[in-house]
Amino acid sequence: MRGADRLIEQQYAMLLRRDVARLPELYALDGSYTMPGVTVRPTELPALLRTWTGAFPDLRVDPLGAVRTAGGAAVEQRLTGTHTGVLHTPFGTVAPTGRTVSWEVVDMVRVRRGRIVTWRSYFDWGQLITSLGLEVAGLSRHAQLASVAPAPAGDPVLVDREPTWRGAEAA
């Protein structure tokens with residue numbers, strides 16, 4: 001039986017090696033991976049993470065701390081990378097800015113029978129977007145800086161409107 005620590009270390013190692021095709025092997029068949037704005041099944045995870053490694057080819061993960069439980073763990077880390085590729089987000093695409101940015105992420109991982117059942121990655125889209133020197137056209141400053149969580153159906157900011165990304169200097 002694989003413990004949460006080992007599974008988490010394996011997923012991070014595979015991400016950093018850009019060897020994401022085998023990630024579904026770490027998950028239960030009914031498992032899921034969630035980040036703000038999107039939830040995917042294990043078979044969809046490699047494509048999702050390739051969007052991040054494509055946008056930040058030099059992405060690195062620096063652990064900041066962890067809390068372990070019998071059924072999983074919470075891991076805090078800082079991700080750092082240079083934005084040289086297109087970043088595909090649930091809210092639109094972001095053209096390369098060339099900026100090196102860092103943002104904090106907390107991953108909540110639950111394990112059952114040696115497989116990941118849920119991996120929930122929490123981070124602040126506002127922190128990342130403003131670090132890239134961008135803002136969302138048409139949204140209030142408060143909305144730009146707020147953490148973006150999955151929106152309920154009908155949310156006018158995320159569903160009824162297609163936000164566009166632009167450099168802050170153009171505002």
# chains A, B, ... in the order shown; residues from 1 in each chain; ligands from 1
$ residues_around --residues "segment 61-63 of chain A" --least-positions-apart "5" --cutoff "9 Å" --atoms "only C-alpha atoms" --output "PyMOL selection string"
chain A and resi 12+16+75-80
$ residues_around --residues "Leu45 of chain A" --least-positions-apart "5" --cutoff "12 Å" --atoms "only C-alpha atoms" --output "count of residues only"
23
$ atom_distance --atom1 "atom CA of Gly37 of chain A" --atom2 "atom CA of Ser131 of chain A"
18.9 Å
$ residues_around --residues "segment 5-10 of chain A" --least-positions-apart "5" --cutoff "8 Å" --atoms "only C-alpha atoms" --output "ChimeraX atom specification"
/A:26,72-73,109,115-116
$ write_last_selection --atoms "N, CA, C and O atoms" --output "tab-separated table (two decimals), in the first residue's frame"
chain	number	residue	atom	x	y	z
A	26	LEU	N	-1.49	6.77	-10.59
A	26	LEU	CA	-1.43	7.08	-9.16
A	26	LEU	C	-2.82	7.24	-8.55
A	26	LEU	O	-2.97	7.29	-7.33
A	72	GLY	N	-4.43	11.12	4.25
A	72	GLY	CA	-3.91	12.02	3.23
A	72	GLY	C	-2.96	13.05	3.80
A	72	GLY	O	-2.34	12.83	4.83
A	73	ALA	N	-2.89	14.18	3.11
A	73	ALA	CA	-1.97	15.24	3.53
A	73	ALA	C	-2.37	16.56	2.89
A	73	ALA	O	-3.04	16.59	1.86
A	109	VAL	N	-4.64	16.36	-0.43
A	109	VAL	CA	-4.64	15.06	-1.10
A	109	VAL	C	-5.24	14.01	-0.17
A	109	VAL	O	-4.81	13.88	0.98
A	115	ARG	N	-4.10	4.65	-3.52
A	115	ARG	CA	-4.32	5.48	-4.71
A	115	ARG	C	-4.88	6.84	-4.28
A	115	ARG	O	-5.57	6.96	-3.27
A	116	ILE	N	-4.61	7.85	-5.09
A	116	ILE	CA	-5.14	9.18	-4.84
A	116	ILE	C	-6.63	9.17	-5.20
A	116	ILE	O	-7.00	8.77	-6.31
$ closest_residue --among "A:Ala55, A:Pro42, A:Gly71, A:Met14" --to "Thr93 of chain A" --atoms "only C-alpha atoms"
A:Ala55
$ residues_around --residues "Asp58 of chain A" --least-positions-apart "4" --cutoff "12 Å" --atoms "only C-alpha atoms" --output "list in words"
Leu15, Leu16, Arg17, Arg18, Trp52, Thr53, Gly54, Leu79, Thr80, Gly81, Thr82, His83, Thr84, Gly85, Gly98, Arg99, Thr100, Val101 and Ser102 of chain A
$ write_last_selection --atoms "all heavy atoms" --output "compact mmCIF listing (two decimals), in the first residue's frame"
# COMPACT_ATOMS: atom_id res chain seq x y z
N LEU A 15 5.67 15.54 -12.58
CA LEU A 15 5.41 16.88 -13.13
C LEU A 15 6.73 17.57 -13.49
O LEU A 15 6.87 18.10 -14.60
CB LEU A 15 4.63 17.73 -12.12
CG LEU A 15 4.40 19.18 -12.51
CD1 LEU A 15 3.46 19.28 -13.71
CD2 LEU A 15 3.85 19.96 -11.33
N LEU A 16 7.68 17.54 -12.59
CA LEU A 16 8.95 18.23 -12.83
C LEU A 16 9.78 17.57 -13.92
O LEU A 16 10.55 18.23 -14.60
CB LEU A 16 9.74 18.35 -11.53
CG LEU A 16 9.07 19.24 -10.48
CD1 LEU A 16 9.85 19.22 -9.18
CD2 LEU A 16 8.91 20.67 -10.99
N ARG A 17 9.62 16.26 -14.10
CA ARG A 17 10.30 15.55 -15.20
C ARG A 17 9.53 15.68 -16.51
O ARG A 17 9.97 15.20 -17.54
CB ARG A 17 10.44 14.06 -14.88
CG ARG A 17 11.47 13.71 -13.88
CD ARG A 17 11.75 12.20 -13.85
NE ARG A 17 10.58 11.35 -13.96
CZ ARG A 17 9.91 10.82 -12.94
NH1 ARG A 17 10.30 11.06 -11.70
NH2 ARG A 17 8.87 10.04 -13.15
N ARG A 18 8.34 16.29 -16.45
CA ARG A 18 7.44 16.41 -17.61
C ARG A 18 7.00 15.03 -18.09
O ARG A 18 6.73 14.82 -19.25
CB ARG A 18 8.07 17.20 -18.77
CG ARG A 18 8.69 18.54 -18.42
CD ARG A 18 7.74 19.42 -17.62
NE ARG A 18 8.25 20.79 -17.46
CZ ARG A 18 8.71 21.28 -16.32
NH1 ARG A 18 8.75 20.54 -15.23
NH2 ARG A 18 9.12 22.53 -16.25
N TRP A 52 0.26 23.77 -18.00
CA TRP A 52 1.11 24.51 -17.05
C TRP A 52 2.59 24.36 -17.39
O TRP A 52 3.33 25.35 -17.35
CB TRP A 52 0.82 24.05 -15.62
CG TRP A 52 -0.52 24.53 -15.17
CD1 TRP A 52 -1.72 23.89 -15.31
CD2 TRP A 52 -0.80 25.79 -14.57
NE1 TRP A 52 -2.73 24.69 -14.82
CE2 TRP A 52 -2.19 25.84 -14.36
CE3 TRP A 52 -0.01 26.87 -14.18
CZ2 TRP A 52 -2.81 26.94 -13.78
CZ3 TRP A 52 -0.63 27.97 -13.60
CH2 TRP A 52 -2.02 28.00 -13.41
N THR A 53 3.03 23.16 -17.71
CA THR A 53 4.44 22.99 -18.04
C THR A 53 4.77 23.62 -19.39
O THR A 53 5.91 24.01 -19.62
CB THR A 53 4.86 21.50 -18.03
OG1 THR A 53 4.05 20.77 -18.96
CG2 THR A 53 4.71 20.90 -16.64
N GLY A 54 3.78 23.73 -20.27
CA GLY A 54 3.98 24.43 -21.54
C GLY A 54 4.09 25.93 -21.34
O GLY A 54 4.87 26.62 -22.00
N LEU A 79 5.38 27.70 -6.29
CA LEU A 79 5.73 27.38 -7.66
C LEU A 79 6.37 28.61 -8.28
O LEU A 79 5.91 29.73 -8.06
CB LEU A 79 4.48 26.98 -8.47
CG LEU A 79 4.03 25.53 -8.32
CD1 LEU A 79 3.62 25.20 -6.93
CD2 LEU A 79 2.94 25.23 -9.31
N THR A 80 7.43 28.39 -9.05
CA THR A 80 8.14 29.49 -9.71
C THR A 80 8.43 29.07 -11.14
O THR A 80 8.82 27.92 -11.39
CB THR A 80 9.47 29.80 -8.99
OG1 THR A 80 9.20 30.13 -7.62
CG2 THR A 80 10.20 30.96 -9.65
N GLY A 81 8.21 29.98 -12.07
CA GLY A 81 8.50 29.68 -13.46
C GLY A 81 8.47 30.93 -14.31
O GLY A 81 7.92 31.96 -13.91
N THR A 82 9.07 30.83 -15.49
CA THR A 82 9.08 31.92 -16.45
C THR A 82 7.98 31.67 -17.47
O THR A 82 7.95 30.60 -18.10
CB THR A 82 10.45 32.04 -17.14
OG1 THR A 82 11.46 32.12 -16.13
CG2 THR A 82 10.51 33.28 -18.03
N HIS A 83 7.11 32.63 -17.63
CA HIS A 83 5.93 32.49 -18.49
C HIS A 83 6.33 32.73 -19.95
O HIS A 83 6.23 33.84 -20.47
CB HIS A 83 4.85 33.48 -18.03
CG HIS A 83 3.59 33.38 -18.80
ND1 HIS A 83 2.88 34.49 -19.16
CD2 HIS A 83 2.92 32.32 -19.29
CE1 HIS A 83 1.81 34.12 -19.84
NE2 HIS A 83 1.81 32.80 -19.93
N THR A 84 6.76 31.66 -20.63
CA THR A 84 7.21 31.77 -22.02
C THR A 84 6.29 31.06 -23.00
O THR A 84 6.54 31.10 -24.21
CB THR A 84 8.64 31.22 -22.17
OG1 THR A 84 8.65 29.86 -21.74
CG2 THR A 84 9.64 32.04 -21.35
N GLY A 85 5.25 30.40 -22.50
CA GLY A 85 4.30 29.72 -23.37
C GLY A 85 2.88 30.19 -23.06
O GLY A 85 2.64 30.86 -22.06
N GLY A 98 6.84 36.60 -20.60
CA GLY A 98 8.27 36.59 -20.36
C GLY A 98 8.65 36.84 -18.91
O GLY A 98 9.83 36.84 -18.57
N ARG A 99 7.67 37.02 -18.06
CA ARG A 99 7.94 37.30 -16.64
C ARG A 99 8.20 36.01 -15.86
O ARG A 99 7.55 35.00 -16.09
CB ARG A 99 6.77 38.02 -16.00
CG ARG A 99 6.61 39.43 -16.46
CD ARG A 99 5.51 40.10 -15.68
NE ARG A 99 5.36 41.47 -16.13
CZ ARG A 99 4.99 42.45 -15.35
NH1 ARG A 99 4.70 42.23 -14.10
NH2 ARG A 99 4.87 43.67 -15.84
N THR A 100 9.12 36.10 -14.92
CA THR A 100 9.32 35.02 -13.96
C THR A 100 8.47 35.35 -12.75
O THR A 100 8.57 36.46 -12.20
CB THR A 100 10.80 34.89 -13.57
OG1 THR A 100 11.55 34.58 -14.75
CG2 THR A 100 11.01 33.80 -12.53
N VAL A 101 7.60 34.42 -12.37
CA VAL A 101 6.66 34.66 -11.29
C VAL A 101 6.69 33.51 -10.30
O VAL A 101 7.10 32.39 -10.63
CB VAL A 101 5.22 34.86 -11.81
CG1 VAL A 101 5.13 36.10 -12.68
CG2 VAL A 101 4.75 33.65 -12.60
N SER A 102 6.24 33.79 -9.10
CA SER A 102 6.06 32.77 -8.06
C SER A 102 4.67 32.92 -7.49
O SER A 102 4.16 34.03 -7.37
CB SER A 102 7.08 32.96 -6.94
OG SER A 102 8.39 32.70 -7.38
$ atom_distance --atom1 "atom CA of Ala4 of chain A" --atom2 "atom CA of Arg110 of chain A"
7.3 Å
$ closest_residue --among "A:Pro36, A:Leu59, A:Ala74, A:Ala66" --to "Phe123 of chain A" --atoms "only C-alpha atoms"
A:Pro36
$ closest_residue --among "A:Arg68, A:Arg41, A:Arg60, A:Arg120" --to "Trp103 of chain A" --atoms "only C-alpha atoms"
A:Arg60
